[in-house]
file target.cif (mmCIF, C-alpha atoms)
data_final
loop_
_atom_site.label_atom_id
_atom_site.label_comp_id
_atom_site.auth_asym_id
_atom_site.auth_seq_id
_atom_site.Cartn_x
_atom_site.Cartn_y
_atom_site.Cartn_z
CA MET A 207 -56.61 -73.36 6.18
CA GLY A 208 -55.95 -70.05 8.01
CA ALA A 209 -58.32 -67.11 8.48
CA GLY A 210 -56.88 -65.27 5.50
CA GLY A 211 -57.28 -68.36 3.33
CA THR A 212 -60.84 -68.79 4.48
CA VAL A 213 -61.64 -65.21 3.63
CA GLY A 214 -59.90 -65.62 0.29
CA ALA A 215 -62.00 -68.63 -0.47
CA MET A 216 -65.18 -66.79 0.43
CA PHE A 217 -64.44 -63.40 -1.11
CA ASP A 218 -62.41 -62.45 -4.13
CA VAL A 219 -61.98 -58.69 -4.31
CA ARG A 220 -61.73 -58.53 -8.10
CA SER A 221 -64.78 -60.75 -8.49
CA LEU A 222 -66.76 -58.43 -6.23
CA PHE A 223 -65.69 -55.44 -8.32
CA ILE A 224 -66.78 -57.21 -11.50
CA VAL A 225 -70.17 -58.03 -9.95
CA MET A 226 -70.56 -54.36 -8.99
CA VAL A 227 -69.64 -53.26 -12.52
CA VAL A 228 -72.29 -55.53 -14.01
CA THR A 229 -74.89 -54.49 -11.43
CA ASN A 230 -74.35 -50.77 -12.01
CA LEU A 231 -74.48 -51.13 -15.78
CA VAL A 232 -77.66 -53.23 -15.61
CA LEU A 233 -79.29 -50.66 -13.32
CA ALA A 234 -78.23 -47.82 -15.63
CA ALA A 235 -79.53 -49.62 -18.73
CA SER A 236 -82.80 -50.43 -16.96
CA LEU A 237 -83.31 -46.76 -16.11
CA TRP A 238 -82.54 -45.68 -19.65
CA ILE A 239 -84.83 -48.25 -21.26
CA GLY A 240 -87.54 -48.27 -18.59
CA THR A 241 -88.08 -44.51 -18.78
CA GLY A 242 -88.28 -44.50 -22.57
CA ARG A 243 -84.89 -42.78 -22.74
CA LYS A 244 -86.43 -39.71 -21.06
CA LEU A 245 -84.03 -39.23 -18.16
CA ARG A 246 -85.54 -36.11 -16.58
CA ASP A 247 -85.79 -34.76 -13.03
CA GLY A 248 -82.48 -36.21 -11.83
CA LEU A 249 -82.78 -39.61 -13.53
CA GLY A 250 -80.11 -38.64 -16.07
CA GLN A 251 -77.67 -37.72 -13.31
CA TRP A 252 -78.46 -40.88 -11.36
CA THR A 253 -77.88 -43.01 -14.46
CA GLY A 254 -74.62 -41.16 -15.06
CA ALA A 255 -73.57 -41.82 -11.46
CA LEU A 256 -74.15 -45.55 -11.92
CA VAL A 257 -72.06 -45.58 -15.11
CA ALA A 258 -69.26 -43.54 -13.50
CA GLN A 259 -69.18 -45.95 -10.55
CA ALA A 260 -69.11 -48.92 -12.95
CA VAL A 261 -66.09 -47.45 -14.74
CA ALA A 262 -64.38 -46.83 -11.39
CA PHE A 263 -65.02 -50.38 -10.19
CA GLY A 264 -63.78 -51.74 -13.50
CA LEU A 265 -60.54 -49.77 -13.18
CA LEU A 266 -60.05 -50.97 -9.60
CA ALA A 267 -60.56 -54.54 -10.74
CA THR A 268 -57.56 -54.17 -13.10
CA ARG A 269 -55.13 -53.18 -10.35
CA GLY A 270 -52.08 -55.39 -10.48
CA GLY A 271 -52.50 -55.78 -14.22
CA ALA A 272 -52.73 -52.13 -15.27
CA PRO A 273 -50.43 -49.46 -13.79
CA ASP A 274 -51.58 -48.48 -10.30
CA ALA A 275 -51.64 -44.81 -11.26
CA VAL A 276 -54.27 -45.57 -13.91
CA ALA A 277 -56.27 -48.04 -11.86
CA ALA A 278 -56.41 -46.08 -8.59
CA ILE A 279 -56.16 -42.40 -9.49
CA ALA A 280 -58.46 -42.59 -12.51
CA ALA A 281 -60.89 -44.78 -10.56
CA ASN A 282 -61.07 -42.24 -7.76
CA ALA A 283 -61.74 -39.49 -10.29
CA PHE A 284 -64.73 -41.46 -11.61
CA LEU A 285 -65.93 -42.16 -8.05
CA ALA A 286 -65.77 -38.43 -7.33
CA LEU A 287 -67.73 -37.77 -10.50
CA GLY A 288 -70.30 -40.38 -9.42
CA ILE A 289 -70.80 -38.73 -6.03
CA ALA A 290 -71.20 -35.32 -7.69
CA LEU A 291 -73.77 -36.80 -10.09
CA VAL A 292 -75.69 -38.21 -7.11
CA ALA A 293 -75.85 -34.67 -5.73
CA GLY A 294 -77.11 -33.50 -9.11
CA ALA A 295 -79.79 -36.21 -9.08
CA ILE A 296 -80.97 -35.22 -5.60
CA LEU A 297 -81.29 -31.61 -6.73
CA GLY A 298 -82.88 -32.69 -10.02
CA ILE A 299 -85.78 -34.48 -8.35
CA ARG A 300 -86.53 -31.15 -6.67
CA GLY A 301 -86.46 -29.26 -9.94
CA ARG A 302 -83.04 -27.70 -9.38
CA ARG A 303 -79.76 -28.08 -11.25
CA LEU A 304 -76.11 -28.44 -10.27
CA PRO A 305 -73.92 -26.28 -12.56
CA ALA A 306 -72.13 -28.42 -15.15
CA MET A 307 -68.78 -26.89 -14.20
CA THR A 308 -69.18 -28.41 -10.71
CA TYR A 309 -68.57 -31.89 -12.12
CA VAL A 310 -65.37 -30.79 -13.86
CA VAL A 311 -64.05 -29.08 -10.71
CA VAL A 312 -64.82 -32.13 -8.56
CA VAL A 313 -62.93 -34.48 -10.92
CA LEU A 314 -59.90 -32.14 -11.14
CA ILE A 315 -59.69 -31.76 -7.36
CA ALA A 316 -59.96 -35.51 -6.89
CA GLN A 317 -57.14 -36.17 -9.39
CA LEU A 318 -54.80 -33.50 -8.01
CA LEU A 319 -55.35 -34.09 -4.31
CA ILE A 320 -55.59 -37.88 -4.29
CA GLY A 321 -52.87 -38.35 -6.93
CA SER A 322 -50.39 -36.36 -4.86
CA MET A 323 -50.69 -38.92 -2.04
CA PHE A 324 -50.40 -42.07 -4.11
CA ASP A 325 -46.88 -42.91 -2.91
CA ASN A 326 -48.22 -43.49 0.60
CA TRP A 327 -51.01 -46.03 0.17
CA THR A 328 -52.35 -45.78 3.73
CA LEU A 329 -52.51 -41.98 3.49
CA HIS A 330 -54.11 -42.39 0.08
CA VAL A 331 -56.86 -44.63 1.50
CA VAL A 332 -57.45 -42.33 4.47
CA THR A 333 -57.65 -39.24 2.27
CA THR A 334 -59.96 -40.70 -0.37
CA SER A 335 -62.25 -42.32 2.19
CA THR A 336 -62.48 -39.11 4.24
CA LEU A 337 -63.15 -36.90 1.23
CA PHE A 338 -65.73 -39.22 -0.28
CA GLY A 339 -67.35 -39.82 3.11
CA ALA A 340 -67.65 -36.07 3.68
CA ALA A 341 -69.11 -35.68 0.18
CA MET A 342 -71.74 -38.34 0.93
CA LEU A 343 -72.61 -36.49 4.13
CA LEU A 344 -73.26 -33.43 1.98
CA ASN A 345 -75.49 -35.57 -0.23
CA LEU A 346 -77.30 -36.71 2.92
CA VAL A 347 -77.91 -33.05 3.80
CA LEU A 348 -79.31 -32.46 0.30
CA ALA A 349 -81.51 -35.56 0.61
CA TRP A 350 -82.74 -34.75 4.12
CA ARG A 351 -85.59 -32.43 3.15
CA PRO A 352 -88.71 -34.41 2.09
CA VAL A 353 -89.77 -34.35 -1.55
CA PRO A 354 -93.43 -33.35 -2.15
CA GLY A 355 -95.51 -36.39 -2.97
CA VAL A 356 -92.92 -38.91 -1.74
CA ALA A 357 -93.93 -41.20 1.14
CA PRO A 358 -91.91 -40.71 4.34
CA ALA A 359 -90.81 -44.37 4.32
CA THR A 360 -89.37 -44.04 0.81
CA HIS A 361 -87.65 -40.78 1.69
CA TRP A 362 -86.09 -42.31 4.79
CA LEU A 363 -84.93 -45.36 2.86
CA PHE A 364 -83.11 -43.07 0.44
CA ALA A 365 -81.66 -40.86 3.19
CA CYS A 366 -80.52 -43.92 5.15
CA SER A 367 -78.72 -45.25 2.07
CA MET A 368 -76.82 -41.95 1.84
CA ALA A 369 -76.00 -42.18 5.56
CA ALA A 370 -74.85 -45.80 5.20
CA SER A 371 -72.57 -44.90 2.30
CA ALA A 372 -71.01 -42.04 4.29
CA THR A 373 -70.58 -44.31 7.32
CA VAL A 374 -68.79 -47.01 5.30
CA LEU A 375 -66.38 -44.54 3.75
CA LEU A 376 -65.55 -42.74 6.99
CA SER A 377 -65.20 -46.07 8.83
CA ARG A 378 -62.73 -47.15 6.14
CA ALA A 379 -60.63 -44.06 6.86
CA VAL A 380 -60.61 -44.76 10.59
CA ALA A 381 -59.82 -48.46 10.07
CA ALA A 382 -56.96 -47.59 7.70
CA LEU A 383 -55.42 -45.38 10.39
CA ALA A 384 -55.87 -47.99 13.11
CA TYR A 385 -54.92 -51.04 11.03
CA PRO A 386 -52.76 -49.90 8.08
CA GLU A 387 -51.74 -53.47 7.32
CA ALA A 388 -55.39 -54.22 6.40
CA VAL A 389 -55.20 -51.92 3.37
CA GLU A 390 -51.57 -52.22 2.34
CA SER A 391 -52.21 -55.07 -0.09
CA PHE A 392 -55.06 -54.42 -2.49
CA ALA A 393 -54.95 -57.79 -4.20
CA THR A 394 -54.90 -59.96 -1.07
CA PRO A 395 -58.47 -60.70 0.04
CA SER A 396 -59.42 -59.57 3.53
CA MET A 397 -62.61 -59.33 5.53
CA PHE A 398 -61.97 -55.58 5.80
CA GLN A 399 -62.09 -55.06 2.04
CA ALA A 400 -64.79 -57.62 1.30
CA ALA A 401 -67.19 -56.35 3.97
CA GLY A 402 -66.81 -52.77 2.76
CA LEU A 403 -67.47 -53.76 -0.86
CA LEU A 404 -70.52 -55.82 0.09
CA VAL A 405 -71.99 -52.84 1.95
CA VAL A 406 -71.29 -50.55 -1.02
CA TYR A 407 -72.98 -53.08 -3.30
CA THR A 408 -76.04 -53.22 -1.02
CA VAL A 409 -76.20 -49.43 -0.73
CA THR A 410 -76.03 -49.06 -4.51
CA LEU A 411 -79.02 -51.37 -4.95
CA THR A 412 -81.00 -49.84 -2.08
CA SER A 413 -80.40 -46.22 -3.05
CA SER A 414 -81.26 -46.90 -6.70
CA VAL A 415 -84.51 -48.64 -5.77
CA ALA A 416 -85.37 -45.83 -3.34
CA PHE A 417 -84.61 -43.17 -5.96
CA LEU A 418 -86.84 -44.93 -8.49
CA LEU A 419 -89.64 -45.19 -5.91
CA MET A 420 -89.26 -41.46 -5.18
CA GLN A 421 -89.58 -40.71 -8.89
CA LYS A 422 -92.69 -42.90 -9.21
CA GLU A 423 -94.41 -41.52 -6.11
CA ARG A 424 -93.68 -37.94 -7.12
CA ALA A 425 -94.99 -38.62 -10.66
CA ASP A 426 -98.15 -40.17 -9.20
CA HIS A 427 -98.55 -37.13 -6.94
CA ARG A 428 -98.19 -34.80 -9.90
CA ALA A 429 -100.71 -36.79 -11.93
CA GLN A 430 -103.17 -36.66 -9.05
CA GLN A 431 -102.67 -32.91 -8.77
CA LEU A 432 -103.21 -32.41 -12.49
CA ALA A 433 -106.43 -34.41 -12.23
CA SER A 434 -107.72 -32.46 -9.22
CA ILE A 435 -106.32 -28.93 -9.61
CA ASP A 436 -107.39 -26.17 -11.96
CA PRO A 437 -104.15 -25.43 -13.87
CA LEU A 438 -104.83 -21.70 -14.22
CA THR A 439 -105.59 -20.74 -10.62
CA GLY A 440 -104.28 -23.66 -8.58
CA ALA A 441 -107.69 -24.11 -6.95
CA TYR A 442 -109.43 -27.49 -6.86
CA ASN A 443 -111.55 -28.28 -9.89
CA ARG A 444 -115.28 -28.90 -9.65
CA ARG A 445 -115.12 -32.69 -9.82
CA THR A 446 -112.65 -32.89 -6.94
CA PHE A 447 -114.71 -30.40 -4.95
CA MET A 448 -117.75 -32.67 -5.15
CA GLU A 449 -115.74 -35.56 -3.72
CA LEU A 450 -114.14 -33.53 -0.92
CA ALA A 451 -117.35 -31.73 -0.04
CA ALA A 452 -119.33 -34.96 0.23
CA LYS A 453 -116.79 -36.33 2.72
CA GLU A 454 -116.74 -33.09 4.71
CA LEU A 455 -120.52 -32.90 4.91
CA SER A 456 -120.70 -36.50 6.05
CA ARG A 457 -118.20 -35.73 8.81
CA ALA A 458 -120.08 -32.58 9.82
CA ARG A 459 -123.38 -34.47 10.10
CA ARG A 460 -121.78 -37.28 12.05
CA LEU A 461 -120.12 -34.96 14.57
CA ASP A 462 -122.85 -32.31 14.41
CA ASN A 463 -120.26 -29.69 13.44
CA PRO A 464 -120.93 -26.52 11.47
CA VAL A 465 -119.82 -26.24 7.86
CA SER A 466 -120.37 -23.31 5.50
CA LEU A 467 -120.18 -22.74 1.78
CA VAL A 468 -119.38 -19.49 -0.04
CA LEU A 469 -119.88 -18.81 -3.74
CA LEU A 470 -117.69 -16.01 -5.12
CA ASP A 471 -118.34 -14.41 -8.49
CA LEU A 472 -116.22 -11.72 -10.14
CA ASP A 473 -118.46 -8.80 -11.08
CA HIS A 474 -118.67 -7.88 -14.78
CA PHE A 475 -115.65 -10.04 -15.57
CA LYS A 476 -116.57 -10.24 -19.24
CA ARG A 477 -115.61 -6.58 -19.49
CA VAL A 478 -112.06 -7.44 -18.40
CA ASN A 479 -111.70 -9.98 -21.19
CA ASP A 480 -113.31 -7.68 -23.76
CA THR A 481 -111.23 -4.64 -22.75
CA TYR A 482 -107.82 -6.14 -22.02
CA GLY A 483 -107.91 -9.53 -23.74
CA HIS A 484 -108.17 -13.07 -22.50
CA LEU A 485 -104.51 -13.29 -21.44
CA ALA A 486 -105.05 -10.36 -19.10
CA GLY A 487 -108.26 -12.02 -17.94
CA ASP A 488 -106.34 -15.18 -17.10
CA GLY A 489 -103.79 -13.12 -15.18
CA ALA A 490 -106.59 -11.44 -13.25
CA LEU A 491 -108.07 -14.82 -12.31
CA ARG A 492 -104.69 -16.01 -11.05
CA ALA A 493 -104.21 -12.83 -9.04
CA PHE A 494 -107.72 -13.10 -7.59
CA ALA A 495 -107.04 -16.69 -6.51
CA ASP A 496 -103.84 -15.57 -4.78
CA ILE A 497 -105.76 -12.90 -2.87
CA VAL A 498 -108.36 -15.42 -1.73
CA ARG A 499 -105.69 -17.85 -0.50
CA THR A 500 -104.21 -15.21 1.80
CA GLN A 501 -107.49 -15.23 3.75
CA LEU A 502 -107.91 -19.00 4.11
CA ARG A 503 -106.88 -21.67 6.59
CA LYS A 504 -105.11 -24.78 5.33
CA GLU A 505 -108.24 -26.88 5.97
CA ASP A 506 -110.49 -24.65 3.85
CA ILE A 507 -111.37 -26.03 0.40
CA PHE A 508 -110.94 -23.51 -2.43
CA VAL A 509 -112.52 -24.38 -5.77
CA ARG A 510 -112.81 -22.91 -9.23
CA TYR A 511 -116.45 -23.72 -9.73
CA GLY A 512 -116.65 -22.54 -13.33
CA GLY A 513 -115.45 -19.58 -15.41
CA GLU A 514 -115.11 -16.62 -13.05
CA GLU A 515 -117.09 -18.30 -10.26
CA PHE A 516 -115.32 -19.80 -7.26
CA CYS A 517 -116.43 -21.71 -4.21
CA LEU A 518 -115.22 -22.08 -0.63
CA LEU A 519 -116.13 -24.94 1.68
CA LEU A 520 -115.33 -24.01 5.27
CA PRO A 521 -115.23 -26.89 7.76
CA ASP A 522 -116.17 -26.07 11.36
CA VAL A 523 -117.16 -22.51 10.42
CA PRO A 524 -120.71 -21.33 11.26
CA GLY A 525 -122.68 -19.03 8.98
CA THR A 526 -121.65 -15.82 10.76
CA GLY A 527 -117.99 -16.72 10.46
CA ALA A 528 -118.40 -17.49 6.76
CA VAL A 529 -120.11 -14.13 6.18
CA ALA A 530 -117.23 -12.38 7.96
CA LEU A 531 -114.63 -14.23 5.87
CA ALA A 532 -116.45 -13.48 2.62
CA GLY A 533 -116.57 -9.82 3.68
CA ARG A 534 -112.80 -9.76 4.24
CA ILE A 535 -112.18 -11.32 0.84
CA ARG A 536 -114.55 -8.85 -0.82
CA LEU A 537 -112.73 -5.93 0.80
CA ALA A 538 -109.27 -7.29 -0.05
CA VAL A 539 -110.24 -7.70 -3.72
CA GLU A 540 -111.81 -4.25 -3.90
CA GLN A 541 -108.73 -2.57 -2.42
CA GLU A 542 -106.22 -4.35 -4.66
CA THR A 543 -105.32 -2.84 -8.03
CA LEU A 544 -103.85 -5.53 -10.25
CA ASN A 545 -101.00 -4.83 -12.66
CA ILE A 546 -101.59 -7.39 -15.43
CA GLY A 547 -99.53 -7.07 -18.60
CA GLY A 548 -99.03 -3.35 -18.01
CA HIS A 549 -102.75 -2.77 -17.41
CA GLN A 550 -104.15 -1.53 -14.12
CA ILE A 551 -107.21 -3.67 -13.43
CA SER A 552 -109.63 -3.31 -10.54
CA LEU A 553 -112.03 -6.08 -9.57
CA THR A 554 -114.99 -6.52 -7.26
CA ILE A 555 -116.83 -9.64 -6.23
CA SER A 556 -120.24 -10.71 -5.08
CA ALA A 557 -120.60 -13.56 -2.61
CA GLY A 558 -123.37 -15.85 -1.42
CA VAL A 559 -123.13 -17.78 1.84
CA SER A 560 -124.97 -20.82 3.15
CA SER A 561 -124.38 -22.90 6.24
CA ARG A 562 -125.36 -26.34 7.47
CA ILE A 563 -126.23 -24.96 10.87
CA ASP A 564 -128.50 -22.28 9.42
CA GLU A 565 -130.08 -24.37 6.71
CA ASN A 566 -129.45 -27.96 7.86
CA PRO A 567 -129.41 -29.17 4.23
CA GLU A 568 -129.77 -32.86 3.55
CA ASP A 569 -127.10 -32.89 0.84
CA LEU A 570 -124.49 -30.84 -0.98
CA ASP A 571 -126.90 -29.80 -3.74
CA ARG A 572 -129.10 -28.11 -1.16
CA LEU A 573 -126.15 -26.26 0.38
CA ILE A 574 -125.04 -25.04 -3.05
CA ALA A 575 -128.58 -24.02 -4.00
CA ARG A 576 -128.84 -21.87 -0.86
CA ALA A 577 -125.48 -20.22 -1.58
CA ASP A 578 -126.50 -19.63 -5.19
CA GLU A 579 -129.72 -18.02 -4.01
CA ALA A 580 -127.73 -15.74 -1.74
CA LEU A 581 -125.30 -14.88 -4.59
CA TYR A 582 -128.24 -13.93 -6.80
CA LEU A 583 -129.46 -11.67 -4.01
CA ALA A 584 -126.04 -9.99 -3.70
CA LYS A 585 -125.91 -9.31 -7.44
CA ASN A 586 -129.51 -8.12 -7.54
CA ARG A 587 -128.77 -5.63 -4.75
CA GLY A 588 -125.95 -3.97 -6.73
CA ARG A 589 -122.97 -6.38 -6.63
CA ASN A 590 -119.74 -5.96 -4.64
CA ARG A 591 -121.40 -7.33 -1.52
CA VAL A 592 -121.98 -10.49 0.51
CA ALA A 593 -125.39 -12.02 1.12
CA ALA A 594 -126.59 -14.96 3.18
CA VAL A 595 -130.04 -16.52 2.99
CA SER A 596 -131.02 -18.33 6.17
CA LEU A 597 -134.39 -19.71 7.23
CA GLY A 598 -136.19 -17.44 4.81
CA GLN A 599 -134.43 -14.30 6.06
CA SER A 600 -131.63 -12.41 4.29
CA LYS A 601 -128.57 -10.68 5.72
CA LEU A 602 -126.24 -8.36 3.82
CA ALA A 603 -122.60 -7.58 4.72
#
call {"tool": "encode", "arguments": {"input": "target.cif", "output": "structure tokens"}}
result
Amino acid sequence: MGAGGTVGAMFDVRSLFIVMVVTNLVLAASLWIGTGRKLRDGLGQWTGALVAQAVAFGLLATRGGAPDAVAAIAANAFLALGIALVAGAILGIRGRRLPAMTYVVVVLIAQLLIGSMFDNWTLHVVTTSTLFGAAMLLNLVLAWRPVPGVAPATHWLFACSMAASATVLLSRAVAALAYPEAVESFATPSMFQAAGLLVVYTVTLTSSVAFLLMQKERADHRAQQLASIDPLTGAYNRRTFMELAAKELSRARRLDNPVSLVLLDLDHFKRVNDTYGHLAGDGALRAFADIVRTQLRKEDIFVRYGGEEFCLLLPDVPGTGAVALAGRIRLAVEQETLNIGGHQISLTISAGVSSRIDENPEDLDRLIARADEALYLAKNRGRNRVAAVSLGQSKLA
């Protein structure tokens, strides 16, 4: 038996297409059922891409039985739609949308451009492979930027699947130019066709698994954020603060590093709610949190401690540095007039500072108690000021 017969015995092109049709439809159905029919954040587009590819593979499997114009041109239109839907899925997982008209334009261009070259099969293969390969490169560009909450390994698996798909398609175009006889007969099995289809099959599985992992990891990240972040201000909530602060204090004691804590309280905030309403009060809290964040480093821990009281844990910052930071925040808040719901609202804050170096507390409760004592002193002295209580002596800023 010759080489072609051996290949034919090993690989049947139509059988491979049928396997790919079944695989795509099973993956699409699994997504639809497994997500409770809630195909959000790009899952709907990814499912649609799998179905479009299944239709395309099914049409290609009928070549020789159905008219070539139907099998090839229509199949390429569905493949183009599938690639566009992949782009939509990549944008969807980032919370963005591809305009619906884009899909229509892509299909029309594919039909007009590819259909006009159908009489020359080699040119047809080169054109379709080049266009689709370039489109997958664009998808790779869209997929290149990491998705928040997604592990680097998962992101790279997905990006590599896009790169592999583009490589297969562009390699097919080059091979068709170099060896036109390898693509002249669609029905005759060849290693060229079989190898390409096997790679496409593998990429389909890999990219779908990677996309599902990205969805899961991002959902887990969101759930963790919801559990640890105050939804109004974006600051950590009190429970999360206790966990983070305990770890930071342990590290500070082990390395004998300074760490400081600042309690911030909005002065007379009840008047804001009573005068302008609670919606305006919520807006003021959000605006205050934004002001505070402009003064912080990325390693600083910002917490909504309760109501209108906030807390800062400052790793590697001694007491004097914490007092200076609290003073800058106090001044920034005082100088900012907030426009909330058409109301001009001015705020001031009082702040209490404690530090491990100054107080050498044995635990977090002691550090908070010292800061609370200093905050009481700041309010008792007239508010809109910063106080620090250290070794029985007080300092005002």
call {"tool": "atom_distance", "arguments": {"input": "target.cif", "atom1": "atom CA of A:Arg503", "atom2": "atom CA of A:Gly489"}}
result
23.6 Å
call {"tool": "resolve_selection", "arguments": {"input": "target.cif", "expression": "the PyMOL selection byres ((chain A and resi 516) around 12)", "output": "VMD selection string"}}
result
chain A and resid 436 439 to 444 447 467 to 472 491 to 492 494 to 495 498 to 499 507 to 515 517 to 519 532 555 to 558 574 577 to 578 581
call {"tool": "resolve_selection", "arguments": {"input": "target.cif", "expression": "the PyMOL selection byres ((chain A and resi 338) around 12)", "output": "PyMOL selection string"}}
result
chain A and resi 282-290+312-313+315-316+320+331-337+339-345+368+371-379
call {"tool": "atom_distance", "arguments": {"input": "target.cif", "atom1": "atom CA of A:Arg591", "atom2": "atom CA of A:Glu449"}}
result
28.9 Å
call {"tool": "residues_around", "arguments": {"input": "target.cif", "residues": "A:Arg303", "least_positions_apart": "4", "cutoff": "8 Å", "atoms": "only C-alpha atoms", "output": "VMD selection string"}}
result
chain A and resid 294 297 to 298
call {"tool": "write_last_selection", "arguments": {"input": "target.cif", "atoms": "C-alpha atoms", "output": "PDB file, keeping the file's coordinate frame"}}
result
ATOM      1  CA  GLY A 294     -77.110 -33.500  -9.110  1.00  0.00           C
ATOM      2  CA  LEU A 297     -81.290 -31.610  -6.730  1.00  0.00           C
ATOM      3  CA  GLY A 298     -82.880 -32.690 -10.020  1.00  0.00           C
TER       4      GLY A 298
END
call {"tool": "resolve_selection", "arguments": {"input": "target.cif", "expression": "the PyMOL selection byres ((chain A and resi 588) around 12)", "output": "ChimeraX atom specification"}}
result
/A:473-474,554-557,581-587,589-593,602
call {"tool": "closest_residue", "arguments": {"input": "target.cif", "among": "A:Leu418, A:Leu544, A:Val310, A:Val523", "to": "A:Val478", "atoms": "all atoms listed in the file"}}
result
A:Leu544
call {"tool": "axis_aligned_box", "arguments": {"input": "target.cif", "around": "stretch 488-502 of chain A", "padding_each_side": "4 Å", "output": "lines of an AutoDock Vina configuration file"}}
result
center_x = -106.1
center_y = -15.2
center_z = -6.5
size_x = 12.6
size_y = 15.6
size_z = 29.2
call {"tool": "atom_distance", "arguments": {"input": "target.cif", "atom1": "atom CA of A:Asn545", "atom2": "atom CA of A:Arg302"}}
result
29.3 Å
call {"tool": "closest_residue", "arguments": {"input": "target.cif", "among": "A:Pro521, A:Pro386, A:Pro437, A:Gly547", "to": "A:Leu502", "atoms": "only C-alpha atoms"}}
result
A:Pro521
call {"tool": "closest_residue", "arguments": {"input": "target.cif", "among": "A:His549, A:Arg534, A:Arg459, A:His484", "to": "A:Asp522", "atoms": "all atoms listed in the file"}}
result
A:Arg459
call {"tool": "closest_residue", "arguments": {"input": "target.cif", "among": "A:Ala433, A:Ala281, A:Ile224, A:Leu537", "to": "A:Tyr407", "atoms": "all atoms listed in the file"}}
result
A:Ile224
call {"tool": "closest_residue", "arguments": {"input": "target.cif", "among": "A:Phe223, A:Leu455, A:Ala594, A:Gly301", "to": "A:Leu404", "atoms": "all atoms listed in the file"}}
result
A:Phe223
call {"tool": "decode", "arguments": {"input": "target.cif", "residues": "stretch 450-464 of chain A", "atoms": "C-alpha atoms", "output": "PDB file, in the first residue's frame"}}
result
ATOM      1  CA  LEU A 450      -4.925  41.401  56.636  1.00  0.00           C
ATOM      2  CA  ALA A 451      -3.888  43.416  59.677  1.00  0.00           C
ATOM      3  CA  ALA A 452      -3.101  40.306  61.718  1.00  0.00           C
ATOM      4  CA  LYS A 453      -0.767  39.069  58.973  1.00  0.00           C
ATOM      5  CA  GLU A 454       0.879  42.481  58.601  1.00  0.00           C
ATOM      6  CA  LEU A 455       1.450  42.850  62.332  1.00  0.00           C
ATOM      7  CA  SER A 456       2.955  39.380  62.498  1.00  0.00           C
ATOM      8  CA  ARG A 457       5.349  40.299  59.692  1.00  0.00           C
ATOM      9  CA  ALA A 458       6.234  43.606  61.357  1.00  0.00           C
ATOM     10  CA  ARG A 459       7.037  41.896  64.665  1.00  0.00           C
ATOM     11  CA  ARG A 460       9.081  39.209  62.951  1.00  0.00           C
ATOM     12  CA  LEU A 461      11.171  41.686  60.953  1.00  0.00           C
ATOM     13  CA  ASP A 462      11.036  44.425  63.601  1.00  0.00           C
ATOM     14  CA  ASN A 463       9.560  46.824  61.047  1.00  0.00           C
ATOM     15  CA  PRO A 464       7.367  49.826  61.822  1.00  0.00           C
TER      16      PRO A 464
END
